[in-house]
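**Student:** Input run34.cif, format and content: mmCIF, C-alpha atoms and all ligand atoms.
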```
data_target
#
loop_
_atom_site.label_atom_id
_atom_site.label_comp_id
_atom_site.auth_asym_id
_atom_site.auth_seq_id
_atom_site.Cartn_x
_atom_site.Cartn_y
_atom_site.Cartn_z
CA MET V 596 -136.34 -64.91 30.76
CA GLN V 597 -137.52 -68.54 31.06
CA SER V 598 -134.95 -71.30 31.40
CA SER V 599 -136.28 -72.89 28.22
CA ALA V 600 -135.56 -69.68 26.30
CA TRP V 601 -131.98 -69.62 27.59
CA ILE V 602 -131.51 -73.25 26.59
CA GLU V 603 -132.74 -72.44 23.11
CA LEU V 604 -130.28 -69.56 22.87
CA VAL V 605 -127.35 -71.58 24.18
CA ARG V 606 -128.03 -74.29 21.58
CA LEU V 607 -127.59 -71.67 18.86
CA ILE V 608 -123.94 -71.23 19.76
CA PRO V 609 -121.80 -72.64 16.97
CA PRO V 610 -119.34 -75.18 18.36
CA ASP V 611 -116.53 -74.17 16.05
CA LYS V 612 -115.92 -70.67 17.38
CA PRO V 613 -113.82 -70.95 20.50
CA ASP V 614 -113.49 -67.86 22.66
CA ALA V 615 -116.10 -66.00 20.64
CA ARG V 616 -119.08 -65.79 22.94
CA VAL V 617 -119.78 -63.72 26.00
CA VAL V 618 -122.11 -64.40 28.86
CA MET V 619 -122.85 -61.68 31.36
CA THR V 620 -124.02 -62.65 34.83
CA GLU V 621 -126.10 -60.65 37.28
CA ASN V 622 -123.07 -59.22 39.11
CA GLY V 623 -121.85 -57.65 35.85
CA THR V 624 -119.19 -60.27 35.20
CA ASP V 625 -118.42 -61.14 31.60
CA ILE V 626 -117.35 -64.68 30.85
CA ASN V 627 -115.76 -65.55 27.54
CA VAL V 628 -117.00 -69.03 26.73
CA GLN V 629 -114.52 -71.59 25.52
CA GLY V 630 -116.86 -74.53 25.60
CA ILE V 631 -120.37 -75.53 26.73
CA LEU V 632 -120.00 -78.60 28.93
CA ARG V 633 -123.58 -79.26 30.04
CA VAL V 634 -126.98 -77.74 29.33
CA GLU V 635 -129.35 -78.64 32.17
CA LYS V 636 -132.92 -77.62 32.89
CA ASP V 637 -131.97 -74.89 35.38
CA PHE V 638 -128.29 -74.30 34.83
CA LEU V 639 -125.43 -74.33 32.42
CA VAL V 640 -121.89 -75.59 32.96
CA LEU V 641 -119.29 -73.98 30.79
CA ARG V 642 -115.55 -73.63 30.38
CA GLY V 643 -114.07 -70.19 29.80
CA ARG V 644 -112.28 -67.24 31.25
CA LEU V 645 -113.30 -64.04 32.96
CA ALA V 646 -113.18 -61.10 30.57
CA GLY V 647 -109.89 -59.26 30.97
CA SER V 648 -108.24 -62.29 32.53
CA THR V 649 -105.79 -64.32 30.51
CA GLU V 650 -106.37 -67.44 32.56
CA GLY V 651 -108.60 -69.70 30.52
CA GLY V 652 -110.04 -73.12 31.17
CA LYS V 653 -112.01 -72.22 34.28
CA ILE V 654 -115.28 -74.03 34.92
CA PHE V 655 -118.39 -71.94 35.57
CA PHE V 656 -121.69 -73.16 36.96
CA LEU V 657 -124.38 -70.72 35.83
CA PRO V 658 -128.04 -70.87 36.87
CA TYR V 659 -130.12 -69.27 34.10
CA ASP V 660 -131.70 -66.81 36.50
CA ARG V 661 -128.26 -65.26 37.05
CA MET V 662 -127.63 -64.59 33.38
CA GLN V 663 -128.29 -61.16 31.92
CA TYR V 664 -127.31 -61.59 28.33
CA LEU V 665 -125.58 -63.88 25.97
CA GLY V 666 -123.68 -62.25 23.16
CA PHE V 667 -121.95 -63.49 20.05
CA ARG V 668 -118.74 -61.97 18.82
CA ASP V 669 -116.58 -62.72 15.85
CA ALA V 670 -113.51 -62.34 17.97
CA VAL V 671 -112.43 -61.24 21.41
CA LYS V 672 -112.85 -57.49 21.29
CA GLU V 673 -112.00 -56.08 24.62
CA THR V 674 -109.81 -53.08 24.09
CA ASP V 675 -110.72 -49.76 25.62
CA ILE V 676 -111.19 -48.08 22.24
CA GLN V 677 -113.68 -50.70 21.06
CA ALA V 678 -115.57 -50.62 24.33
CA LEU V 679 -115.69 -46.83 24.63
CA PHE V 680 -116.42 -45.97 21.01
CA PRO V 681 -118.58 -48.75 19.59
CA ASP V 682 -120.21 -46.36 17.12
CA GLU V 683 -117.80 -44.50 14.86
CA ASP V 684 -120.57 -42.12 13.80
CA SER V 685 -121.03 -40.65 17.28
CA LEU V 686 -117.52 -40.28 18.58
CA THR V 687 -118.19 -36.97 20.25
CA LYS V 688 -120.71 -38.43 22.67
CA PRO V 689 -118.60 -40.13 25.34
CA LEU V 690 -119.86 -43.31 26.93
CA LEU V 691 -118.20 -42.15 30.14
CA PRO V 692 -118.80 -38.37 30.37
CA PRO V 693 -116.55 -36.23 32.61
CA ALA V 694 -119.22 -35.90 35.33
CA VAL V 695 -119.53 -39.69 35.58
CA LEU V 696 -115.75 -40.05 35.78
CA LYS V 697 -115.61 -37.50 38.60
CA SER V 698 -118.09 -39.61 40.53
CA VAL V 699 -116.11 -42.78 39.82
CA GLU V 700 -112.88 -41.20 41.06
CA ALA V 701 -114.58 -39.81 44.17
CA GLN V 702 -115.95 -43.26 45.04
CA ILE V 703 -112.55 -44.88 44.52
CA VAL V 704 -110.69 -42.31 46.60
CA GLU V 705 -113.30 -42.60 49.32
CA LYS V 706 -112.80 -46.36 49.48
CA CYS V 707 -109.04 -46.61 48.98
CA ASP V 708 -107.40 -43.40 50.21
CA ALA V 709 -106.76 -44.69 53.74
CA ILE V 710 -105.21 -48.04 52.68
CA ASP V 711 -101.75 -46.41 52.75
CA GLY V 712 -102.33 -45.10 56.28
CA VAL V 713 -102.91 -41.45 55.35
CA LYS V 714 -106.17 -39.81 54.33
CA ASP V 715 -104.72 -37.30 51.90
CA GLY V 716 -106.70 -37.79 48.68
CA LEU V 717 -103.90 -39.94 47.21
CA MET V 718 -103.26 -43.64 46.76
CA GLU V 719 -99.59 -44.44 47.41
CA ASP V 720 -100.02 -47.66 45.42
CA PRO V 721 -103.28 -48.03 43.44
CA ARG V 722 -102.62 -51.76 43.01
CA ARG V 723 -103.74 -52.14 46.60
CA CYS V 724 -107.13 -50.63 45.72
CA GLN V 725 -109.19 -53.68 44.87
CA ILE V 726 -112.65 -52.38 44.05
CA ASP V 727 -115.21 -54.36 42.11
CA VAL V 728 -116.65 -52.10 39.43
CA ALA V 729 -120.00 -53.76 40.06
CA GLY V 730 -120.08 -51.95 43.41
CA LEU V 731 -119.70 -48.44 41.97
CA THR V 732 -122.91 -46.43 41.85
CA GLY V 733 -124.39 -44.11 39.23
CA LEU V 734 -123.30 -46.19 36.22
CA THR V 735 -125.18 -47.86 33.39
CA ASP V 736 -124.37 -51.46 32.50
CA ALA V 737 -122.48 -50.32 29.40
CA GLN V 738 -120.39 -47.85 31.44
CA ARG V 739 -119.63 -50.53 34.00
CA ALA V 740 -118.60 -52.98 31.28
CA ALA V 741 -116.26 -50.39 29.72
CA LEU V 742 -114.68 -49.58 33.09
CA LYS V 743 -114.02 -53.24 33.71
CA ILE V 744 -112.16 -53.44 30.42
CA LEU V 745 -110.12 -50.34 31.24
CA TYR V 746 -109.12 -51.59 34.68
CA ALA V 747 -108.12 -54.99 33.32
CA ALA V 748 -105.11 -55.96 31.25
CA THR V 749 -105.72 -56.28 27.50
CA PRO V 750 -105.26 -59.96 26.77
CA ALA V 751 -103.15 -61.27 23.92
CA ARG V 752 -103.44 -64.73 22.44
CA GLU V 753 -100.83 -65.65 25.01
CA GLY V 754 -100.33 -63.54 28.09
CA THR V 755 -100.97 -59.82 28.17
CA LEU V 756 -100.96 -57.40 25.25
CA TYR V 757 -100.98 -54.31 27.44
CA PRO V 758 -101.14 -53.88 31.22
CA ALA V 759 -104.23 -52.55 32.99
CA GLN V 760 -104.98 -48.92 33.75
CA PRO V 761 -104.63 -48.41 37.51
CA MET V 762 -107.49 -46.81 39.41
CA GLY V 763 -107.10 -43.07 39.97
CA GLY V 764 -107.10 -39.89 37.90
CA GLU V 765 -110.41 -40.67 36.21
CA GLY V 766 -112.15 -37.35 36.83
CA ASP V 767 -109.36 -34.84 36.24
CA ALA V 768 -109.92 -32.62 33.20
CA ALA V 769 -106.45 -33.50 31.91
CA GLY V 770 -107.01 -37.14 32.83
CA TRP V 771 -109.22 -39.77 31.32
CA SER V 772 -111.55 -37.50 29.33
CA THR V 773 -108.64 -36.01 27.41
CA TRP V 774 -106.67 -39.20 26.95
CA ILE V 775 -109.01 -42.16 27.14
CA THR V 776 -112.75 -41.66 27.26
CA GLY V 777 -113.39 -38.51 25.20
CA GLY V 778 -115.19 -35.27 25.94
CA GLY V 779 -112.00 -33.56 27.10
CA PHE V 780 -109.71 -30.77 25.88
CA GLN V 781 -108.53 -32.55 22.77
CA SER V 782 -111.85 -34.02 21.66
CA THR V 783 -112.86 -33.55 18.02
CA ALA V 784 -115.43 -35.18 15.76
CA GLN V 785 -112.73 -37.46 14.30
CA SER V 786 -110.67 -37.96 17.41
CA PRO V 787 -112.56 -38.11 20.71
CA SER V 788 -109.48 -38.86 22.83
CA LEU V 789 -105.72 -38.94 22.40
CA ARG V 790 -105.52 -42.70 22.92
CA PHE V 791 -108.13 -43.10 20.19
CA ALA V 792 -106.05 -40.88 17.88
CA PHE V 793 -102.72 -42.56 18.59
CA GLY V 794 -104.21 -46.05 18.60
CA THR V 795 -106.19 -45.89 15.38
CA GLN V 796 -103.62 -43.89 13.41
CA PHE V 797 -100.84 -46.19 14.52
CA PHE V 798 -102.61 -49.24 13.16
CA LYS V 799 -103.76 -47.51 9.99
CA PHE V 800 -100.42 -46.06 8.98
CA PHE V 801 -97.62 -47.83 10.85
CA VAL V 802 -98.99 -51.36 10.93
CA PHE V 803 -101.32 -51.89 7.98
CA ASN V 804 -100.62 -49.01 5.59
CA ASP V 805 -104.37 -48.88 5.12
CA PRO V 806 -106.34 -45.64 5.81
CA SER V 807 -109.61 -47.61 5.72
CA TRP V 808 -108.57 -49.95 8.55
CA ASP V 809 -111.50 -50.24 10.98
CA TYR V 810 -110.75 -50.50 14.70
CA ARG V 811 -114.27 -51.82 15.38
CA LYS V 812 -113.69 -55.00 13.42
CA TYR V 813 -110.16 -55.73 14.53
CA ASP V 814 -109.28 -58.74 16.66
CA TYR V 815 -106.72 -57.23 19.01
CA THR V 816 -105.41 -60.59 20.06
CA ARG V 817 -103.59 -60.47 16.70
CA ALA V 818 -101.94 -57.13 17.50
CA ARG V 819 -98.60 -58.41 18.76
CA ARG V 820 -98.04 -60.41 15.60
CA ASP V 821 -99.37 -57.70 13.26
CA ALA V 822 -97.26 -54.96 14.84
CA ARG V 823 -94.03 -56.94 14.91
CA LEU V 824 -92.44 -55.11 12.00
CA ALA V 825 -93.35 -51.64 13.29
CA GLY V 826 -92.10 -52.75 16.70
CA THR V 827 -88.61 -53.36 15.39
CA VAL V 828 -88.29 -49.60 14.86
CA LEU V 829 -90.46 -48.28 17.68
CA ASN V 830 -90.07 -50.56 20.69
CA ALA V 831 -87.78 -49.53 23.52
CA THR V 832 -88.72 -52.48 25.67
CA SER V 833 -85.63 -54.66 25.85
CA PRO V 834 -84.85 -55.37 29.49
CA ASP V 835 -81.20 -56.04 28.65
CA LEU V 836 -79.36 -52.98 29.96
CA SER V 837 -76.02 -54.76 30.31
CA ALA V 838 -74.22 -52.55 27.75
CA TYR V 839 -75.57 -49.41 29.44
CA LYS V 840 -74.50 -50.70 32.84
CA ALA V 841 -71.03 -51.63 31.57
CA LYS V 842 -70.44 -48.02 30.53
CA GLY V 843 -71.19 -46.84 34.07
CA HIS V 844 -74.30 -44.93 33.03
CA LYS V 845 -77.21 -44.22 35.38
CA LEU V 846 -80.93 -44.21 34.62
CA ILE V 847 -83.87 -42.68 36.48
CA VAL V 848 -87.41 -43.39 35.23
CA TRP V 849 -90.36 -41.76 36.94
CA HIS V 850 -94.03 -42.23 36.22
CA GLY V 851 -97.29 -40.76 37.50
CA TRP V 852 -99.46 -43.50 38.97
CA SER V 853 -102.52 -41.88 37.34
CA ASP V 854 -100.95 -41.35 33.91
CA PRO V 855 -103.88 -41.73 31.48
CA ALA V 856 -101.64 -41.78 28.41
CA LEU V 857 -99.40 -44.74 29.25
CA THR V 858 -100.31 -47.04 32.08
CA ALA V 859 -97.92 -46.84 35.02
CA LEU V 860 -98.04 -50.62 35.24
CA GLY V 861 -96.09 -50.78 31.97
CA THR V 862 -93.16 -49.01 33.60
CA ILE V 863 -93.34 -51.31 36.61
CA THR V 864 -93.46 -54.35 34.34
CA TYR V 865 -90.34 -53.10 32.56
CA TYR V 866 -88.45 -52.44 35.78
CA ASP V 867 -89.38 -55.88 37.08
CA GLN V 868 -88.13 -57.43 33.84
CA VAL V 869 -84.78 -55.63 34.14
CA GLN V 870 -84.51 -56.69 37.77
CA ALA V 871 -85.30 -60.29 36.88
CA ARG V 872 -82.28 -60.27 34.57
CA ASP V 873 -80.07 -58.36 36.98
CA PRO V 874 -80.82 -58.36 40.71
CA GLY V 875 -78.27 -55.54 41.12
CA VAL V 876 -80.33 -53.16 38.97
CA ARG V 877 -80.71 -50.47 41.62
CA ASP V 878 -76.97 -49.72 41.35
CA TYR V 879 -77.63 -48.04 37.99
CA PHE V 880 -81.40 -47.88 37.36
CA ARG V 881 -84.13 -46.67 39.71
CA THR V 882 -87.83 -46.08 39.12
CA PHE V 883 -89.96 -43.62 41.05
CA MET V 884 -93.74 -43.83 41.04
CA MET V 885 -95.61 -40.57 41.71
CA PRO V 886 -98.98 -41.00 43.46
CA GLY V 887 -101.88 -38.98 42.04
CA VAL V 888 -99.85 -37.60 39.13
CA LEU V 889 -101.12 -37.61 35.53
CA HIS V 890 -99.10 -37.62 32.29
CA CYS V 891 -95.86 -35.80 33.21
CA VAL V 892 -97.63 -33.18 35.33
CA GLY V 893 -100.98 -32.45 36.95
CA GLY V 894 -103.37 -34.37 39.13
CA PRO V 895 -103.83 -34.06 42.89
CA GLY V 896 -100.40 -35.50 43.75
CA PRO V 897 -97.11 -33.61 44.23
CA ASP V 898 -95.87 -33.48 40.64
CA ASN V 899 -92.86 -31.19 40.85
CA ALA V 900 -89.45 -32.79 41.49
CA ASP V 901 -85.88 -31.80 40.65
CA TRP V 902 -84.87 -34.81 38.59
CA THR V 903 -81.91 -33.02 37.06
CA THR V 904 -80.21 -32.58 40.43
CA ALA V 905 -81.03 -36.21 41.29
CA ILE V 906 -79.28 -37.59 38.20
CA VAL V 907 -76.36 -35.11 38.41
CA ASP V 908 -75.78 -36.11 42.04
CA TRP V 909 -75.81 -39.77 41.07
CA VAL V 910 -73.53 -39.47 38.03
CA GLU V 911 -71.12 -36.77 39.18
CA ASN V 912 -71.16 -37.07 42.97
CA THR V 913 -71.88 -40.83 43.36
CA LYS V 914 -74.89 -39.95 45.52
CA ALA V 915 -77.63 -42.40 44.53
CA PRO V 916 -81.25 -41.17 44.79
CA ASP V 917 -82.63 -42.91 47.89
CA ARG V 918 -85.39 -40.31 48.28
CA VAL V 919 -86.47 -37.52 45.95
CA ILE V 920 -88.70 -34.77 47.27
CA ALA V 921 -91.79 -33.95 45.20
CA ARG V 922 -93.75 -30.75 45.73
CA LYS V 923 -97.30 -29.72 45.00
CA LEU V 924 -97.32 -26.09 43.95
CA ALA V 925 -100.14 -23.56 44.21
CA PRO V 926 -100.82 -21.53 41.03
CA ASP V 927 -98.52 -18.80 42.37
CA GLY V 928 -95.67 -21.30 42.80
CA THR V 929 -95.93 -21.70 46.57
CA PRO V 930 -95.43 -25.30 47.73
CA THR V 931 -98.54 -26.57 49.49
CA ARG V 932 -97.33 -30.12 50.12
CA THR V 933 -94.02 -31.99 49.97
CA ARG V 934 -93.71 -35.76 49.87
CA PRO V 935 -90.78 -38.12 49.38
CA LEU V 936 -90.73 -40.29 46.26
CA CYS V 937 -89.10 -43.62 46.95
CA PRO V 938 -87.24 -45.94 44.60
CA TYR V 939 -89.65 -48.70 43.52
CA PRO V 940 -90.59 -51.10 45.06
CA GLN V 941 -90.26 -48.91 48.16
CA HIS V 942 -93.06 -46.51 49.04
CA ALA V 943 -93.48 -43.47 51.28
CA ALA V 944 -94.85 -44.42 54.69
CA TYR V 945 -96.24 -41.94 57.23
CA LYS V 946 -94.32 -41.94 60.52
CA GLY V 947 -97.56 -41.44 62.43
CA THR V 948 -96.76 -37.94 63.64
CA GLY V 949 -96.24 -34.59 61.96
CA SER V 950 -97.99 -32.82 59.09
CA ILE V 951 -99.08 -35.04 56.22
CA ASP V 952 -98.13 -32.15 53.92
CA ASP V 953 -94.48 -32.28 55.03
CA ALA V 954 -92.02 -34.77 53.50
CA ALA V 955 -90.24 -34.96 56.88
CA SER V 956 -93.22 -36.91 58.25
CA PHE V 957 -92.59 -39.80 55.82
CA VAL V 958 -89.97 -42.51 55.44
CA CYS V 959 -89.17 -44.73 52.45
CA LYS V 960 -89.66 -48.39 53.14
CA CA V 1001 -103.83 -41.91 51.02
#
```
Using structure tokens, write down the structure that the file contains.
**Tutor:**
Amino acid sequence: MQSSAWIELVRLIPPDKPDARVVMTENGTDINVQGILRVEKDFLVLRGRLAGSTEGGKIFFLPYDRMQYLGFRDAVKETDIQALFPDEDSLTKPLLPPAVLKSVEAQIVEKCDAIDGVKDGLMEDPRRCQIDVAGLTGLTDAQRAALKILYAATPAREGTLYPAQPMGGEGDAAGWSTWITGGGFQSTAQSPSLRFAFGTQFFKFFVFNDPSWDYRKYDYTRARRDARLAGTVLNATSPDLSAYKAKGHKLIVWHGWSDPALTALGTITYYDQVQARDPGVRDYFRTFMMPGVLHCVGGPGPDNADWTTAIVDWVENTKAPDRVIARKLAPDGTPTRTRPLCPYPQHAAYKGTGSIDDAASFVCK
């Protein structure tokens, strides 16, 4: 498109709608515009924030020949549900079909598996996998844009509404297609994925008491305020465990890193909040992250651990869980791999010798 055409388009932007426009650049980056600073013959200078980021006020210098589109939105709509299911009349046709997700996961594992020092098909800590979605192959622009939203935190008016989905677990049948993207086990004409079902029904009936509430038109940056009343009954997010600690109780929380139902980063955020209030948290509360594990069970990672013995030992025998062994079981129940789970923020590190399928070859550090 000619520069003059871009200039004409940019001049159409109403000045009274902050944070309501989106510019996409050639590398697939969305920028939410907060203000147009200069319109020059060959470039544009604007103030805004990268989509998915909560850090506004950045200055962007944009030559017109790097711009792909310029969109107008009534509000910032960047939740996964809105991105994945823009058309309520075709919910059964997933934007990210299972075969595409398998390819995405394979590319991610290929690039990030070895970061933890062991090529075992698992990422010990997916936060260390920093892949730009723009570099993944076999995706349409719309699929790429949706993935970027999924891998980024959902922004609130201030801070974060909900943490990002870590990379990993995309292609598993019980993974994203069932929970997030649609086309999986639970998919129906009305409810393509479980997150869609929980998300839309929650707002219809818990928050707004309005069966006609439309997720496509909702400005999610209002969600924290709108859901405040429902949250008084439902939230279990207070980081103040002082009463629990005073009674001498113990708490173990474990979470699959690839959980497609509830992002694992939410659990980490909570643990960090408790620790910020009480640096001695590990005396009564420990969190264990399980690499390559989906929601409760499943996924390529060792997902079978004896948590009951771990908590009984801690409560009744004063033996705190410094290392819990997880097992991957074959369909007949035979363990094919064992791996230590380490209390967060520790992780399992390979000693450098011994079988990578044997927990004895790993230390917590
Ligand atoms: Ca690995």
**Student:** List all protein, DNA and RNA residues that have any atom at most 8 Å from ligand CA 1001 (chain V), counting all atoms listed in the file, and write the list as a list in words.
**Tutor:**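 My answer, listing the contacting residues, is Cys707, Asp708, Ala709, Ile710, Asp711, Gly712, Val713, Lys714, Asp715, Gly716, Leu717, Met718 and Glu719 of chain V.
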**Student:** By how many Å are CA of Gly779 in chain V and CA of Gly733 in chain V apart?
**Tutor:**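 Here the two named atoms are 20.3 Å from each other.
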**Student:** Within 10 Å of Asp660 in chain V, counting all atoms listed in the file, which residues show up once you throw out same-chain ones fewer than 2 positions away? Write them as an mmCIF file with C-alpha atoms, in the frame of the given file, please.
**Tutor:**
```cif
data_model
loop_
_atom_site.group_PDB
_atom_site.id
_atom_site.type_symbol
_atom_site.label_atom_id
_atom_site.label_comp_id
_atom_site.auth_asym_id
_atom_site.auth_seq_id
_atom_site.Cartn_x
_atom_site.Cartn_y
_atom_site.Cartn_z
ATOM 1 C CA MET V 596 -136.340 -64.910 30.760
ATOM 2 C CA GLN V 597 -137.520 -68.540 31.060
ATOM 3 C CA SER V 598 -134.950 -71.300 31.400
ATOM 4 C CA TRP V 601 -131.980 -69.620 27.590
ATOM 5 C CA THR V 620 -124.020 -62.650 34.830
ATOM 6 C CA GLU V 621 -126.100 -60.650 37.280
ATOM 7 C CA ASP V 637 -131.970 -74.890 35.380
ATOM 8 C CA PHE V 638 -128.290 -74.300 34.830
ATOM 9 C CA LEU V 657 -124.380 -70.720 35.830
ATOM 10 C CA PRO V 658 -128.040 -70.870 36.870
ATOM 11 C CA MET V 662 -127.630 -64.590 33.380
ATOM 12 C CA GLN V 663 -128.290 -61.160 31.920
#
```
**Student:** Could you check which of V:Gly843, V:Arg606, V:Ile654, V:Arg881 is closest to Gln629 in chain V, using all atoms listed in the file?
**Tutor:**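 Closest to Gln629 in chain V of all the choices is V:Ile654.
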**Student:** Anything within 9 Å of (-102.9, -62.5, 24.4): list those residues as a PyMOL selection string, counting all atoms listed in the file and sticking to the file's coordinates.
**Tutor:** chain V and resi 649+749-757+815-819
**Student:** V:Gly763, V:Gly947, V:Gly778, V:Gly643: which is nearest Ala694 in chain V, counting all atoms listed in the file?
**Tutor:**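 Looking at the shortest contact to Ala694 in chain V, the residue is V:Gly778.
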**Student:** Taking 5 positions as the minimum chain separation for residues in the same chain, which residues sit within 10 Å of Leu745 in chain V when counting all atoms listed in the file? Answer as a ChimeraX atom specification.
**Tutor:** /V:647,673-676,678-679,739-740,758-762,775-776
**Student:** If we count all atoms listed in the file and set the cut-off at 10 Å, which residues sit around Asn622 in chain V, ignoring sequence neighbours fewer than 2 positions away in its own chain? Please answer as a PyMOL selection string.
**Tutor:** chain V and resi 619-620+624-625+661-663+727-730
**Student:** Using all atoms listed in the file, which residue out of V:Val640, V:Ala925, V:Val618, V:Val704 lies closest to Tyr664 in chain V?
**Tutor:**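 Checking each of V:Val640, V:Ala925, V:Val618, V:Val704 against Tyr664 in chain V, counting all atoms listed in the file, the winner is V:Val618.
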**Student:** Here is a test: counting only C-alpha atoms, which residue of V:Lys688, V:Lys914, V:Lys923, V:Arg877 is nearest to Pro938 in chain V?
**Tutor:** V:Arg877
**Student:** Can you measure CA of Tyr810 in chain V to CA of Gln796 in chain V for me? One decimal in Å is fine.
**Tutor:**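 Spanning CA of Tyr810 in chain V to CA of Gln796 in chain V is a straight-line distance of 9.8 Å.
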**Student:** Out of V:Val605, V:Leu857, V:Ile863, V:Val888, which residue has the shortest atom-to-atom distance to Arg922 in chain V when counting all atoms listed in the file?
**Tutor:**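 For Arg922 in chain V, the nearest of the candidates is V:Val888.
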**Student:** Taking (-117.5, -36.1, 39.5) in the file's coordinates as the center, which residues reach within 12 Å of it, counting only C-alpha atoms, put as a list of chain:residue names?
**Tutor:**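 Every polymer residue passing the test: V:Leu691, V:Pro692, V:Pro693, V:Ala694, V:Val695, V:Leu696, V:Lys697, V:Ser698, V:Val699, V:Glu700, V:Ala701, V:Gln702, V:Ile703, V:Val704, V:Thr732, V:Gly733, V:Gly764, V:Glu765, V:Gly766, V:Asp767, V:Ala768, V:Ser772.
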**Student:** Taking C-alpha atoms for each residue, export the selection above as a PDB file, in the coordinates of the input.
**Tutor:**
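After the write, result-v9.pdb holds the following:
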```pdb
ATOM      1  CA  LEU V 691    -118.200 -42.150  30.140  1.00  0.00           C
ATOM      2  CA  PRO V 692    -118.800 -38.370  30.370  1.00  0.00           C
ATOM      3  CA  PRO V 693    -116.550 -36.230  32.610  1.00  0.00           C
ATOM      4  CA  ALA V 694    -119.220 -35.900  35.330  1.00  0.00           C
ATOM      5  CA  VAL V 695    -119.530 -39.690  35.580  1.00  0.00           C
ATOM      6  CA  LEU V 696    -115.750 -40.050  35.780  1.00  0.00           C
ATOM      7  CA  LYS V 697    -115.610 -37.500  38.600  1.00  0.00           C
ATOM      8  CA  SER V 698    -118.090 -39.610  40.530  1.00  0.00           C
ATOM      9  CA  VAL V 699    -116.110 -42.780  39.820  1.00  0.00           C
ATOM     10  CA  GLU V 700    -112.880 -41.200  41.060  1.00  0.00           C
ATOM     11  CA  ALA V 701    -114.580 -39.810  44.170  1.00  0.00           C
ATOM     12  CA  GLN V 702    -115.950 -43.260  45.040  1.00  0.00           C
ATOM     13  CA  ILE V 703    -112.550 -44.880  44.520  1.00  0.00           C
ATOM     14  CA  VAL V 704    -110.690 -42.310  46.600  1.00  0.00           C
ATOM     15  CA  THR V 732    -122.910 -46.430  41.850  1.00  0.00           C
ATOM     16  CA  GLY V 733    -124.390 -44.110  39.230  1.00  0.00           C
ATOM     17  CA  GLY V 764    -107.100 -39.890  37.900  1.00  0.00           C
ATOM     18  CA  GLU V 765    -110.410 -40.670  36.210  1.00  0.00           C
ATOM     19  CA  GLY V 766    -112.150 -37.350  36.830  1.00  0.00           C
ATOM     20  CA  ASP V 767    -109.360 -34.840  36.240  1.00  0.00           C
ATOM     21  CA  ALA V 768    -109.920 -32.620  33.200  1.00  0.00           C
ATOM     22  CA  SER V 772    -111.550 -37.500  29.330  1.00  0.00           C
TER      23      SER V 772
END
```
**Student:** Please identify all polymer residues within 9 Å of Ala905 in chain V, counting only C-alpha atoms, omitting same-chain residues fewer than 3 positions from it, and present them as an MDAnalysis selection string.
**Tutor:** chainID V and resid 847 901:902 908:910 914:916 919
**Student:** Closest to His844 in chain V among V:Gln785, V:Ser807, V:Val802, V:Thr913, using only C-alpha atoms?
**Tutor:** V:Thr913
**Student:** In Å, how far is it from CA of Thr882 in chain V to CA of Tyr746 in chain V?
**Tutor:** 22.4 Å
**Student:** Generate the coordinates of N, CA and C atoms for range 901-911 of chain V; report them as an mmCIF file, keeping the file's coordinate frame.
**Tutor:**
```
data_model
loop_
_atom_site.group_PDB
_atom_site.id
_atom_site.type_symbol
_atom_site.label_atom_id
_atom_site.label_comp_id
_atom_site.auth_asym_id
_atom_site.auth_seq_id
_atom_site.Cartn_x
_atom_site.Cartn_y
_atom_site.Cartn_z
ATOM 1 N N ASP V 901 -87.110 -32.231 41.330
ATOM 2 C CA ASP V 901 -85.880 -31.800 40.650
ATOM 3 C C ASP V 901 -85.093 -33.033 40.208
ATOM 4 N N TRP V 902 -85.509 -33.592 39.089
ATOM 5 C CA TRP V 902 -84.870 -34.810 38.590
ATOM 6 C C TRP V 902 -83.463 -34.544 38.069
ATOM 7 N N THR V 903 -83.239 -33.333 37.593
ATOM 8 C CA THR V 903 -81.910 -33.020 37.060
ATOM 9 C C THR V 903 -80.866 -33.110 38.164
ATOM 10 N N THR V 904 -81.162 -32.506 39.314
ATOM 11 C CA THR V 904 -80.210 -32.580 40.430
ATOM 12 C C THR V 904 -80.016 -34.031 40.874
ATOM 13 N N ALA V 905 -81.119 -34.808 40.859
ATOM 14 C CA ALA V 905 -81.030 -36.210 41.290
ATOM 15 C C ALA V 905 -80.067 -37.000 40.404
ATOM 16 N N ILE V 906 -80.150 -36.804 39.084
ATOM 17 C CA ILE V 906 -79.280 -37.590 38.200
ATOM 18 C C ILE V 906 -77.853 -37.036 38.203
ATOM 19 N N VAL V 907 -77.718 -35.708 38.333
ATOM 20 C CA VAL V 907 -76.360 -35.110 38.410
ATOM 21 C C VAL V 907 -75.658 -35.608 39.668
ATOM 22 N N ASP V 908 -76.379 -35.622 40.788
ATOM 23 C CA ASP V 908 -75.780 -36.110 42.040
ATOM 24 C C ASP V 908 -75.326 -37.556 41.915
ATOM 25 N N TRP V 909 -76.132 -38.334 41.197
ATOM 26 C CA TRP V 909 -75.810 -39.770 41.070
ATOM 27 C C TRP V 909 -74.586 -39.966 40.162
ATOM 28 N N VAL V 910 -74.597 -39.279 39.019
ATOM 29 C CA VAL V 910 -73.530 -39.470 38.030
ATOM 30 C C VAL V 910 -72.231 -38.788 38.448
ATOM 31 N N GLU V 911 -72.346 -37.556 38.955
ATOM 32 C CA GLU V 911 -71.120 -36.770 39.180
ATOM 33 C C GLU V 911 -70.642 -36.814 40.623
#
```
